[in-house]
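Novice: Let me give you the structure first, and then I'll get to my questions.
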Amino acid sequence: MTETSSGADHLTTLDTTVAHSARLWNYLLGGKDNFAVDREAAEEVLAYMPELVQSARFNREFLGRAVRFLAGEAGIRQFLDLGAGLPTQDCVHELAQAIAPDARVVYVDNDPVACSHGQALLGPGDRVGFVLGDLHRPAEILRHPEVLARLDFSRPVGVLCACALHFVPDEEQPHQIIARYRDHLAPGSFLAITHGISAATPEDDPDGLVERVTDVYRTASAQIHVRPVQEIERFFDGFEIIEPGVVWMARWRPDPGTSPAGRPNSLYGGVGRKPAP
Ligand SMILES: C[S@@+](CC[C@H](N)C(=O)[O-])C[C@H]1O[C@@H](n2cnc3c(N)ncnc32)[C@H](O)[C@@H]1O
């Protein structure tokens with residue numbers, strides 16, 4: 001694994017004059033860990049796309065179902081949550097440890113606010129940690145002492161990357177980044193992703209909402225790069241995609257007795273398993 005530079009220069013510094021995706025998302029989820037600039041940007045996005053609040057909630061629900069599937073049916077006991085965001089309700093470690101009390105979780109985010117809140121909330125502990133890190137740098141993350149103190153990569157790990165890969169531009173080769181995590185994982189490991197989707201045809205997005213939301217993020221700390229579903233499926237190269245595939249996240253294994261409401265839009269999700277060689 002090679003990466004061009006090391007050090008913390010690539011990590012987000014605290015700037016309360018620029019909207020940050022972690023804090024904007026926190027606002028959408030009803031959290032309090034955000035600044036005026038984040039709230040203004042969020043309100044601007046919501047003016048175009050009020051259903052984004054629902055999308056943020058559906059995304060957390062997808063993550064919840066995926067973690068319960070991994071900790072339950074798949075027997076996963078270690079999780080690496082990339083682009084974890086500010087801690088909210090239904091944190092990954094709470095969901096996983098409700099099924100498997102010995103489950104270990106490391107959260108990673110490049111936002112210092114998310115990281116310091118996460119560390120304060122979790123306190124010291126050998127099972128759960130929060131690391132300030134850049135997911136673009138798999139070698140740094142996978143060798144980070146706080147990660148290695150909790151995760152054993154000779155055994156299966158569930159890697160989660162919800163709503164974070166669309167902040168990686170094509171020039172940074174997001175598929176190769178994920179492939180480097182994949183190559184480091186033991187067979188039987190899993191990858192769960194949600195990702196912003198681009199409209200396949202103008203009819204899919206008659207009001208040009210995707211373009212307008214993307215515009216609002218243009219002045220934020222990170223820009224959005226939505227992708228067609230085929231590009232999202234390509235993140236699972238080298239994984240077996242679990243049924244029902246990469247789909248509108250609310251349609252991914254909905255809890256019995258529930259049915260997805262709202263119009264399928266914005267975020268697709270899927271889960272894949274790394275097979276034995
Ligand atoms: C939209 S939020 C999603 C948070 C959470 N995963 C969820 O699904 O609710 C995106 C998160 O990705 C983080 N992020 C963006 N680029 C990142 C990077 N290069 N490295 C680590 N985290 C990143 C942001 O700071 C933010 O917390």
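Letters for chains follow the order of the structure tokens (A, B, ...), residue numbers begin at 1 for each chain, and ligand numbers begin at 1 in the order shown.
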As a PyMOL selection string, please: every protein or nucleic acid residue near ligand 1 (cut-off 7 Å, counting only C-alpha atoms and all ligand atoms).

Specialist: chain A and resi 20-22+25+56+59-60+82-86+108-111+114+133-136+161-164+167-168+222

Novice: Those same residues - N, CA and C atoms - I'd like them written as a short mmCIF file (atom, residue, chain, number, x, y, z; two decimals), in the first residue's frame.

Specialist:
```cif
data_model
loop_
_atom_site.label_atom_id
_atom_site.label_comp_id
_atom_site.auth_asym_id
_atom_site.auth_seq_id
_atom_site.Cartn_x
_atom_site.Cartn_y
_atom_site.Cartn_z
N HIS A 20 -19.77 22.27 6.61
CA HIS A 20 -19.10 20.97 6.57
C HIS A 20 -20.13 19.86 6.49
N SER A 21 -19.85 18.87 5.62
CA SER A 21 -20.84 17.82 5.36
C SER A 21 -21.25 17.09 6.63
N ALA A 22 -20.31 16.87 7.57
CA ALA A 22 -20.65 16.13 8.79
C ALA A 22 -21.68 16.90 9.61
N TRP A 25 -25.11 17.31 7.82
CA TRP A 25 -25.85 16.04 7.96
C TRP A 25 -26.42 15.92 9.36
N ALA A 56 -31.92 11.34 4.79
CA ALA A 56 -30.91 11.19 5.85
C ALA A 56 -31.37 10.13 6.86
N ASN A 59 -31.23 6.70 5.32
CA ASN A 59 -29.84 6.26 5.24
C ASN A 59 -29.40 5.64 6.58
N ARG A 60 -29.77 6.30 7.69
CA ARG A 60 -29.41 5.75 9.01
C ARG A 60 -30.14 4.42 9.22
N LEU A 82 -16.27 4.12 7.96
CA LEU A 82 -15.53 5.20 7.28
C LEU A 82 -16.47 6.36 6.96
N GLY A 83 -16.06 7.58 7.33
CA GLY A 83 -16.95 8.73 7.14
C GLY A 83 -18.14 8.60 8.08
N ALA A 84 -17.83 8.29 9.34
CA ALA A 84 -18.88 7.91 10.31
C ALA A 84 -19.81 9.06 10.65
N GLY A 85 -19.30 10.29 10.58
CA GLY A 85 -20.13 11.44 10.93
C GLY A 85 -20.22 11.63 12.43
N LEU A 86 -20.97 12.66 12.81
CA LEU A 86 -21.18 12.93 14.23
C LEU A 86 -22.05 11.84 14.82
N VAL A 108 -14.26 6.34 11.81
CA VAL A 108 -13.24 7.21 11.20
C VAL A 108 -13.96 8.38 10.54
N ASP A 109 -13.46 9.59 10.79
CA ASP A 109 -13.99 10.75 10.07
C ASP A 109 -12.87 11.78 9.98
N ASN A 110 -12.92 12.59 8.91
CA ASN A 110 -11.87 13.61 8.78
C ASN A 110 -12.29 14.96 9.36
N ASP A 111 -13.49 14.98 9.97
CA ASP A 111 -13.95 16.22 10.58
C ASP A 111 -13.58 16.24 12.07
N ALA A 114 -16.59 16.06 14.48
CA ALA A 114 -17.17 14.71 14.60
C ALA A 114 -16.28 13.84 15.47
N GLY A 133 -9.27 10.64 10.67
CA GLY A 133 -8.52 10.09 9.55
C GLY A 133 -9.22 10.35 8.24
N ASP A 134 -8.47 10.22 7.17
CA ASP A 134 -8.98 10.48 5.82
C ASP A 134 -9.20 9.15 5.12
N LEU A 135 -10.44 8.87 4.75
CA LEU A 135 -10.72 7.55 4.15
C LEU A 135 -10.03 7.38 2.81
N HIS A 136 -9.55 8.47 2.20
CA HIS A 136 -8.79 8.37 0.94
C HIS A 136 -7.46 7.68 1.16
N CYS A 161 -19.47 2.37 4.77
CA CYS A 161 -19.13 3.66 4.18
C CYS A 161 -20.44 4.29 3.68
N ALA A 162 -21.16 4.89 4.62
CA ALA A 162 -22.49 5.40 4.29
C ALA A 162 -22.40 6.87 3.96
N CYS A 163 -22.84 7.19 2.76
CA CYS A 163 -22.97 8.60 2.37
C CYS A 163 -21.65 9.34 2.42
N ALA A 164 -20.56 8.69 2.17
CA ALA A 164 -19.25 9.35 2.24
C ALA A 164 -18.51 9.27 0.91
N PHE A 167 -18.31 12.03 -1.72
CA PHE A 167 -17.45 13.20 -1.51
C PHE A 167 -16.07 12.98 -2.13
N VAL A 168 -15.87 11.81 -2.73
CA VAL A 168 -14.57 11.53 -3.36
C VAL A 168 -14.70 11.75 -4.87
N ALA A 222 -16.59 19.97 1.21
CA ALA A 222 -16.37 18.90 0.23
C ALA A 222 -17.54 18.91 -0.74
#
```

Novice: Fewer than 2 positions away in the same chain doesn't count, so skip those; otherwise give me all residues within 7 Å of range 182-194 of chain A, counting only C-alpha atoms, as a list in words.

Specialist: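 Once the nearby chain positions are removed, what remains is Phe153, Ser154, Arg155, Pro156, Val157, Gly158, Val159, Leu160, Cys161, Ala162, Cys163, Ile178, Ala179, Arg180, Leu267, Tyr268, Gly269, Gly270, Val271, Gly272, Arg273, Lys274, Pro275 and Ala276 of chain A.
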
Novice: Pick out each residue of range 143-184 of chain A that DSSP on the backbone tags as helix (DSSP H, G or I); I need them as a VMD selection string.

Specialist: chain A and resid 145 to 148 165 to 167 170 to 172 174 to 184

Novice: Set the distance at 12 Å and use only C-alpha atoms: which residues neighbour Asn34 in chain A once local chain neighbours fewer than 2 positions away are removed? I'd like the list as a VMD selection string.

Specialist: chain A and resid 14 to 32 36 to 42 85 to 86 111 113 to 114 117

Novice: Skip Tyr181 in chain A itself and residues of its chain fewer than 5 positions away, then list as a PDB file with C-alpha atoms, in the first residue's frame all residues within 9 Å of it, counting only C-alpha atoms.

Specialist:
```pdb
ATOM      1  CA  PRO A 138      -6.405   3.269   3.349  1.00  0.00           C
ATOM      2  CA  ALA A 139      -2.814   2.551   4.392  1.00  0.00           C
ATOM      3  CA  LEU A 142      -5.569   0.300   8.252  1.00  0.00           C
ATOM      4  CA  VAL A 159     -16.522  -2.045   6.471  1.00  0.00           C
ATOM      5  CA  GLN A 176      -9.313   2.043  -6.293  1.00  0.00           C
TER       6      GLN A 176
END
```

Novice: Which of range 187-258 of chain A end up as strand (DSSP E or B) when DSSP is run on this backbone - answer as a PyMOL selection string?

Specialist: chain A and resi 190-197+227+240-241+247-248
